[in-house]
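Heads up: the structure comes next, in structure tokens.
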There are 8 protein chains.
Amino acid sequence: MKYRLEEILKKVHSGKLSPQEALQYLKDYPYQNLDFAKIDHHRELRRGYPEIIYGQGKTEQQIIKISQEILNKRCNLLITKLESSIYEKMKQKFPDLEYNDSCKAAYIKQQKPLEGKGKIAVITAGTSDIPVAEEAALTSQMLGNETEKIYDVGVAGLHRLMGEHEKIKQARVIIVVAGMEGALPSVVAGITDIPVIAVPTSVGYGANFNGLAPLLTMLNSCPGGVGVVNIDNGFGGAFLASLINHL
Amino acid sequence: MKYRLEEILKKVHSGKLSPQEALQYLKDYPYQNLDFAKIDHHRELRRGYPEIIYGQGKTEQQIIKISQEILNKRCNLLITKLESSIYEKMKQKFPDLEYNDSCKAAYIKQQKPLEGKGKIAVITAGTSDIPVAEEAALTSQMLGNETEKIYDVGVAGLHRLMGEHEKIKQARVIIVVAGMEGALPSVVAGITDIPVIAVPTSVGYGANFNGLAPLLTMLNSCPGGVGVVNIDNGFGGAFLASLINHL
Amino acid sequence: MKYRLEEILKKVHSGKLSPQEALQYLKDYPYQNLDFAKIDHHRELRRGYPEIIYGQGKTEQQIIKISQEILNKRCNLLITKLESSIYEKMKQKFPDLEYNDSCKAAYIKQQKPLEGKGKIAVITAGTSDIPVAEEAALTSQMLGNETEKIYDVGVAGLHRLMGEHEKIKQARVIIVVAGMEGALPSVVAGITDIPVIAVPTSVGYGANFNGLAPLLTMLNSCPGGVGVVNIDNGFGGAFLASLINHL
Amino acid sequence: MKYRLEEILKKVHSGKLSPQEALQYLKDYPYQNLDFAKIDHHRELRRGYPEIIYGQGKTEQQIIKISQEILNKRCNLLITKLESSIYEKMKQKFPDLEYNDSCKAAYIKQQKPLEGKGKIAVITAGTSDIPVAEEAALTSQMLGNETEKIYDVGVAGLHRLMGEHEKIKQARVIIVVAGMEGALPSVVAGITDIPVIAVPTSVGYGANFNGLAPLLTMLNSCPGGVGVVNIDNGFGGAFLASLINHL
Amino acid sequence: MKYRLEEILKKVHSGKLSPQEALQYLKDYPYQNLDFAKIDHHRELRRGYPEIIYGQGKTEQQIIKISQEILNKRCNLLITKLESSIYEKMKQKFPDLEYNDSCKAAYIKQQKPLEGKGKIAVITAGTSDIPVAEEAALTSQMLGNETEKIYDVGVAGLHRLMGEHEKIKQARVIIVVAGMEGALPSVVAGITDIPVIAVPTSVGYGANFNGLAPLLTMLNSCPGGVGVVNIDNGFGGAFLASLINHL
Amino acid sequence: MKYRLEEILKKVHSGKLSPQEALQYLKDYPYQNLDFAKIDHHRELRRGYPEIIYGQGKTEQQIIKISQEILNKRCNLLITKLESSIYEKMKQKFPDLEYNDSCKAAYIKQQKPLEGKGKIAVITAGTSDIPVAEEAALTSQMLGNETEKIYDVGVAGLHRLMGEHEKIKQARVIIVVAGMEGALPSVVAGITDIPVIAVPTSVGYGANFNGLAPLLTMLNSCPGGVGVVNIDNGFGGAFLASLINHL
Amino acid sequence: MKYRLEEILKKVHSGKLSPQEALQYLKDYPYQNLDFAKIDHHRELRRGYPEIIYGQGKTEQQIIKISQEILNKRCNLLITKLESSIYEKMKQKFPDLEYNDSCKAAYIKQQKPLEGKGKIAVITAGTSDIPVAEEAALTSQMLGNETEKIYDVGVAGLHRLMGEHEKIKQARVIIVVAGMEGALPSVVAGITDIPVIAVPTSVGYGANFNGLAPLLTMLNSCPGGVGVVNIDNGFGGAFLASLINHL
Amino acid sequence: MKYRLEEILKKVHSGKLSPQEALQYLKDYPYQNLDFAKIDHHRELRRGYPEIIYGQGKTEQQIIKISQEILNKRCNLLITKLESSIYEKMKQKFPDLEYNDSCKAAYIKQQKPLEGKGKIAVITAGTSDIPVAEEAALTSQMLGNETEKIYDVGVAGLHRLMGEHEKIKQARVIIVVAGMEGALPSVVAGITDIPVIAVPTSVGYGANFNGLAPLLTMLNSCPGGVGVVNIDNGFGGAFLASLINHL
């Protein structure tokens, strides 16, 4: 078993954990039924990471209950798209809970994740794309990747991108976050041979159509080597990048 | 006549109701004109269920007036998409009125509906889809169907679905509620021979486009046996499922 | 096991089939690998019907190979959206193969399917919708349902619909096929309490947008009880109707 | 010149108005320049009605200034889509100003408009469509048409429509206001030979897509005789109906 | 009864037609069932015109059969969107059948239709819009309206429109046919007080999106008095115009 | 008067042309009515260029008739989107007619157009965009502009663009033609201070959606200074560029 | 070097500035790294204007920091789409900061920009389009262009446009701002030979679809000479117009 | 330098190639200008692979010319989306040219590409998706990756996918090709921790909308780890997969 499960078994083997204690952690594998949610503890085993909570559309009570169970399993906790008002209330119950204001994500790190092999670069075209990039960068770090942020290097001033070229070339995977016309991933892919994960954002004037414009741009990228994820989905971009970086 | 109308006539026949009293109930068939609304009391006769109120876009006064008339006819009352603030005010006038916070539906059960033949399963892909599923489950129950809720068994953790497979197979009709990519109805239809009613939800990141993505997914379902209703329309899904379950 | 599989086992039980012969039929369950296709013979067991071939996008060679294997298993064969030129060539190899010119479907009936409980009505709004309706009607019959065709009763002349009202009310499930504005399923659902499966067609002037207009109409049906399938998908409509009619 | 202009000239002719006074009214024909707006007083002459104010997107100051000028010309005033908060403030300045809460329109009638030849019927499919219908009815009346309101007769209960059939047939033009699937105009057009002006509304579940669904339905109407105007544009529907009714 | 039915009854009254002969015409009212089509002879009675055949999507055999029945009733025949190859074959059977190459419509006039009160003007923005305009003009004439064609007066050269202004003002209803940006109906509506029926066409470069662009333009027309019909639907525009012109 | 009209008057003034001859040219100003077309000879006067024929959707006869009249006026002739089969026939009648195979445009130059002030650069992202670029380049030349073609310098190989940077900077207006993701205009605008006219093309894989993707990209261009014209509209791009270049 | 950079060098040459002082200004060319933003001071050199801040999606802190740096360089400051609440706070720090309420833009003019050659006319179709037009006009002025505002001259009253025709013809570039059907740019382009920059707005009833309708109208403009920018992007329209006006 | 360039230098170093011969290969780096195309030989150096020709929209002459130059450089040749008629003609000139009928790609392998580290699995949902998958598989092989094809394992028969689970788990990158509802990538991502590249296809009934439906499904994938490329873009999927497999 990967990650934490492996570690539990090692501890049992070395006598640091009794079989009974180990059982305690393992007993409700593969999933735990809370009625409103079936927490997929098995996911860690199967996919190499614990379940991450998508905060939107869930009630405060649901989020707290799920968080509690994840923490009980001594997993790391990551909640994305969490309203700050809910965070404030959770903070009282979970004093270790930290919050990234920009991307509205809360998290607790209880253990060291398996390390990725190289560096993940998170690049934005503009300053307004930063909230989505922060979600990507935070997720990337939580999943064990060295993460380099390079913000505001869009095509309106190509020399800014060129000025950061050296840094970019050192990454093993590049996440490019861009709204408006979303041309940056094409340009980045054109000048490197590193996989590019493109994340369109809903930043821009009317015909951006809430991210449709950069989404289409990225899907039509003329240079190959660009994989696209959902609009404003920094988490998804980082998750894919992390899978690649752990190969 | 089905349901309540039949019952009235039986009571007249058995002498429990005088023809004059019966007439009182029947006189404004087939519909009752409130100017702003024409309450279709005839619907019960024609379609087997009383009129159900779609709360959105109606004023408080309109909803109260229509509710009063439905209750006067001794029908069950169901109001969907009702703002909680309007519910609070109605509660004072109709103390029996109950409210489901999750799906924002209010209801009063005054009589037992005709029972469906089997069980209706209401399944969600995620926790965030629950409000729509609750509307489906409540409607299903109000229309006389035994209803089983199975929540949070989406394709991200297929083993959760498999863990509930036995329960699902016992249903006569399955309602599958899913947002994001909406793949669950296809998967469910692929493993059973039970009619699947698919309800797309507007839950998800940007390219969900307010439910367009799962809507298209469900319409394109490769396994046959999937009928689709409107986005976030838990009521509609349950209504169709109930018709089938009463066959 | 349902249908044919059940029948095989009964024959073994009654001595009409030797276990060796039975094995011959059963050996490549659950599926048969042709490299370009994995024929799902197990589908009959799981979903109550043999695999049906979607002809579009498959080469002549692929269709012939799959057909051969299905026929070898003594299943009924149904191929939808099959170019007549391919049919002509197949006819030489499979002399029993019949063809419905209107909906471009080919079929061979080798055994009697399990009978549905009631009648399925297939209704069209106009004459131009007939090809899609024919696909639905043929599929319905192949799947063992008594099938009644009622064509050209759209809302432009409601009295035509009313003239067929008696026939319609005798159905257990109604398939309504309509292009242009696609209003017919709403009207039919409004006057019955029978489940309506709505099939939008791409028939109409420009703003029909290849079926998008009637598709949206049907999804938004004000009367409940309407389940929608894909544009021009007569097969899908009939398949769902048949599942319901076999309940 | 039609309408009021004609009347002024007649008064001059009959000596009821001095040429100097007449000049006062006429001097800034054809339009009056307020910098932020060019009030088209000439419109009355050219198109048979005074300018009507579309309230949305205009500031309070702009609306008041334009209203003042229109009233100074002794024209009738009609302001559509006006926030009630702005109305409250205007009421203090223009005590005669009335307000229709349902459709958020304010108006002052200072003179009798030229009468239409027949009656305009304003029909809605549901109760939630009433605000748009009220805008149509008010506009229709302001433009001099006898106006009959028939609300909540959608296709979910066709007998309600039939119950009002006699009233409908007496109209010279019919305005049909409908959201959800928007099937009512087709049905109405199918049973009469009266021009139908169809107004789609943004009322409905998700796949209504803010009125796109009924809009497409109406444009694709199988029965001829249906002209469509913009989503939620009750004013536009009534304006066209009034032009026809004045022929 | 209107039109032809009225005339039959008058002939019976005056002895020109025996009741038996009259019965022959009337016997299959309200509609005639050909299985693939239900010809709505009652339509003439109800809506003031005989059924018109939409040629697209119908087989040659179906069109011939329906045409035969309409001609038997001594009605006028109009078939729109008819492939010239089908026309050629029909011509042999119906030697009187004429064909408009531009709009691909075939027709036979057997009797004089009820005359409209005024003139209908059919205007196009460009030369490429003529096929749709011809369908409108032909339909208009078949339905009994004096029809004036004014082609190629789009906004690229407004003075051309102005040069025809006098002619346009004499119409009772105006049909404006326009592709590309579809601005002409707005401009025409802005300079007259005559009802404008706008017909968008699919003529134009890529972002015309097969008529979507002019369709939206027309629906959003700032000047009121514009009713829109389907893309390329010259027939529909003329039908509505004719209804208005017969008021 | 600009251009040719001016020249005629000068010739009259200098005695090179008799007033009668001049009249012959001028008599059907402002436009010439061919029924199916109103040739806008006045356009040259008003907009500085003769009418240009959009070939699509016009019949052979119409194109020939309009061409004849334009040539009679001694104007230059340009016909875009002309099928080669029609060109072949026209060539027999107009032996001087030339044809650009790539963009399907035919033309005759009878006189020298007014010269633009600088150079217009026509740039493409890829080789497949050349047909649209050729339409732009030909139009640009016909309208009197020195025109530089720089093809296949898309973002997949930015160094190719950089290699042509010097040439590009010498242009007074730049036309950028690009399909797929359409990022090139943004990049070009980011490195110059020259107005960029962006022409999206329908070249690319599925999610290009016939040019929608690059169209949106260009409209959302982050660097300012980009004006967009219709998909595949090389003519339109060149026309705007020429107007600017003649300032 | 253009503009300010040139001026610095001249001052050094003439002794008005010491090389040390000059260096102070020049040292962080080409861009200045604030982590969350890379301010492109080089843009002035390359594109002839300083960086302009797009306020939406940036935090108060980010905007203040960037503004400070731009002001330090003694450049003019322009912030578009800035919430008034942020302006209020900034005003305390930057007392010279002015604010245009209508278009929500803040600005400080510290030096005279390079003058454009002619006049830019900013035209609106309606009063509700003024906020976008104000953004265009303010930007135009900040970039050194004489700017003429002509508001509310849409196609509903063409004579208003004609009344301003003389003024319009004096412009070197015309910016046309229009919502609803967006027909005005076509009409303006049809009557002049001046480049038209079209800016669609999101003003209008439902089928305006947040500016999609006028956007498509403008892209499909039948008269050539129209370049389109993003919906509600007054800044972008003015920026392109200014580039042209500086040619 | 990577790949071939490196090899040339090594040969020079070892004396196998004279500097003059080496120069011959290197002289037109970084790109070769054919006017209609600028062949990016530098791409191999920069991105690790030679230029690949997208056949669609290029003329026969253009393709032959570019192919010749690539072959002269002793690179491998790959032409995608090439009409078989063009292939037939090229075959005469390039006898080594091979052709994959299913995906319409031609290729010549002149040297061994750098090997990828693991295996790439190419999976399809159905048989009709095979042409796109073949393009992916061929590209994958041409770029040096061991490639495993697993076809027809869509969600209609999940057990078929499960039957191939072992094979799938051995891949380093998975390409999933799916039309219709496109649910397969979500399901595959849910059961593995391998990066999934999703390729939507345009296979399916009407509401597939030419691949839009599976495209949206894949972008909204609930399980993380899915990167999406363009519709029917097998090449793009393989190119990204290969970059990852070479890490």
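Chain labels run A, B, ... following the order of the structure tokens; each chain numbers its residues from 1, and ligands are numbered from 1 in the order shown.
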
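Residues from chain C that have an atom within 6 Å of chain B, counting only C-alpha atoms, are Arg47, Thr192, Asp193, Leu219, Gly224, Gly225, Gly227, Val228, Val229, Asn230, Gly236, Phe239 and Leu240 of chain C.
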
Given the selection you just returned, output its residues as a file containing C-alpha atoms, formatted as an mmCIF file, in the first residue's frame.
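The resulting out13.cif:
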```
data_model
loop_
_atom_site.group_PDB
_atom_site.id
_atom_site.type_symbol
_atom_site.label_atom_id
_atom_site.label_comp_id
_atom_site.auth_asym_id
_atom_site.auth_seq_id
_atom_site.Cartn_x
_atom_site.Cartn_y
_atom_site.Cartn_z
ATOM 1 C CA ARG C 47 -29.801 -6.259 -18.728
ATOM 2 C CA THR C 192 -52.837 11.227 -19.601
ATOM 3 C CA ASP C 193 -51.227 9.566 -16.586
ATOM 4 C CA LEU C 219 -36.716 18.814 -20.974
ATOM 5 C CA GLY C 224 -44.543 16.094 -15.303
ATOM 6 C CA GLY C 225 -44.097 12.539 -16.450
ATOM 7 C CA GLY C 227 -38.403 11.460 -19.733
ATOM 8 C CA VAL C 228 -36.203 12.608 -22.596
ATOM 9 C CA VAL C 229 -33.669 10.698 -24.693
ATOM 10 C CA ASN C 230 -31.148 11.828 -27.301
ATOM 11 C CA GLY C 236 -33.034 4.720 -27.083
ATOM 12 C CA PHE C 239 -35.318 0.668 -25.178
ATOM 13 C CA LEU C 240 -36.375 2.679 -22.121
#
```

Residue list (alpha helix (DSSP H), DSSP) for chain H, as a compact mmCIF listing (two decimals) with C-alpha atoms, in the first residue's frame:
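File written: states-v3.txt
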```
# COMPACT_ATOMS: atom_id res chain seq x y z
CA TYR H 3 17.74 13.31 -30.53
CA ARG H 4 18.98 13.58 -34.08
CA LEU H 5 20.96 16.77 -33.74
CA GLU H 6 22.95 15.20 -30.94
CA GLU H 7 23.58 12.22 -33.11
CA ILE H 8 24.94 14.35 -35.96
CA LEU H 9 27.39 16.03 -33.66
CA LYS H 10 28.51 12.71 -32.29
CA LYS H 11 29.15 11.50 -35.80
CA VAL H 12 31.22 14.56 -36.53
CA HIS H 13 33.16 13.97 -33.36
CA PRO H 19 31.89 19.07 -40.86
CA GLN H 20 30.79 20.02 -44.37
CA GLU H 21 28.20 17.28 -44.46
CA ALA H 22 27.01 18.24 -40.99
CA LEU H 23 26.71 21.80 -42.12
CA GLN H 24 24.50 20.70 -44.97
CA TYR H 25 21.96 19.41 -42.45
CA LEU H 26 22.27 22.29 -40.08
CA HIS H 42 14.40 23.74 -34.78
CA ARG H 43 11.41 22.14 -33.13
CA GLU H 44 13.25 18.89 -32.78
CA LEU H 45 15.92 20.67 -30.81
CA ARG H 46 13.50 22.67 -28.70
CA ARG H 47 10.67 20.25 -28.14
CA GLU H 60 -1.33 18.32 -52.27
CA GLN H 61 1.58 20.42 -53.52
CA GLN H 62 2.16 21.96 -50.09
CA ILE H 63 2.15 18.59 -48.34
CA ILE H 64 4.56 17.04 -50.83
CA LYS H 65 6.97 19.97 -50.59
CA ILE H 66 7.02 19.96 -46.79
CA SER H 67 7.36 16.17 -46.68
CA GLN H 68 10.30 16.28 -49.05
CA GLU H 69 12.14 18.76 -46.85
CA ILE H 70 11.49 16.79 -43.68
CA LEU H 71 12.71 13.61 -45.31
CA ASN H 72 15.79 15.40 -46.62
CA SER H 84 -6.48 8.77 -49.17
CA SER H 85 -6.57 10.29 -52.67
CA ILE H 86 -3.60 12.48 -51.80
CA TYR H 87 -1.86 9.52 -50.22
CA GLU H 88 -2.25 7.52 -53.42
CA LYS H 89 -0.43 10.23 -55.36
CA MET H 90 2.29 10.67 -52.75
CA LYS H 91 2.92 6.94 -52.66
CA GLN H 92 4.24 7.16 -56.22
CA LYS H 93 6.76 9.77 -55.20
CA ILE H 130 -11.28 3.37 -33.12
CA PRO H 131 -10.20 5.80 -35.90
CA VAL H 132 -9.28 8.43 -33.33
CA ALA H 133 -7.59 5.84 -31.16
CA GLU H 134 -5.58 4.60 -34.10
CA GLU H 135 -4.26 8.12 -34.68
CA ALA H 136 -3.23 8.21 -31.04
CA ALA H 137 -1.61 4.79 -31.15
CA LEU H 138 0.29 5.47 -34.35
CA THR H 139 1.54 8.82 -33.05
CA SER H 140 2.53 7.23 -29.77
CA GLN H 141 4.59 4.61 -31.59
CA MET H 142 6.18 7.14 -33.93
CA LEU H 158 -18.13 -2.33 -17.08
CA HIS H 159 -17.02 -5.93 -16.67
CA ARG H 160 -15.17 -5.62 -19.98
CA LEU H 161 -13.13 -2.79 -18.49
CA MET H 162 -12.54 -4.82 -15.35
CA GLY H 163 -11.39 -7.74 -17.45
CA HIS H 165 -7.80 -3.93 -15.51
CA GLU H 166 -4.48 -5.72 -15.08
CA LYS H 167 -3.25 -4.61 -18.48
CA ILE H 168 -4.33 -1.05 -17.84
CA LYS H 169 -2.53 -0.83 -14.52
CA LEU H 184 -15.03 6.26 -19.54
CA PRO H 185 -12.11 8.58 -18.56
CA SER H 186 -13.84 9.40 -15.26
CA VAL H 187 -14.30 5.72 -14.51
CA VAL H 188 -10.71 4.85 -15.47
CA ALA H 189 -9.33 7.74 -13.42
CA GLY H 190 -11.41 6.57 -10.47
CA ILE H 191 -9.74 3.16 -10.36
CA LEU H 212 -19.24 18.73 -27.26
CA ALA H 213 -20.99 16.33 -24.89
CA PRO H 214 -18.03 14.05 -24.15
CA LEU H 215 -15.72 17.08 -24.11
CA LEU H 216 -17.72 18.66 -21.29
CA THR H 217 -18.01 15.33 -19.49
CA MET H 218 -14.26 14.90 -19.49
CA LEU H 219 -13.55 18.46 -18.37
CA GLY H 234 -5.82 11.49 -31.24
CA PHE H 235 -2.52 13.02 -32.26
CA GLY H 236 -2.68 15.65 -29.50
CA GLY H 237 -3.54 13.07 -26.87
CA ALA H 238 -0.60 10.92 -27.85
CA PHE H 239 1.76 13.83 -28.04
CA LEU H 240 1.01 14.88 -24.46
CA ALA H 241 1.16 11.26 -23.28
CA SER H 242 4.53 10.86 -24.94
CA LEU H 243 5.95 13.97 -23.28
CA ILE H 244 4.89 12.55 -19.93
CA ASN H 245 6.23 9.09 -20.75
```
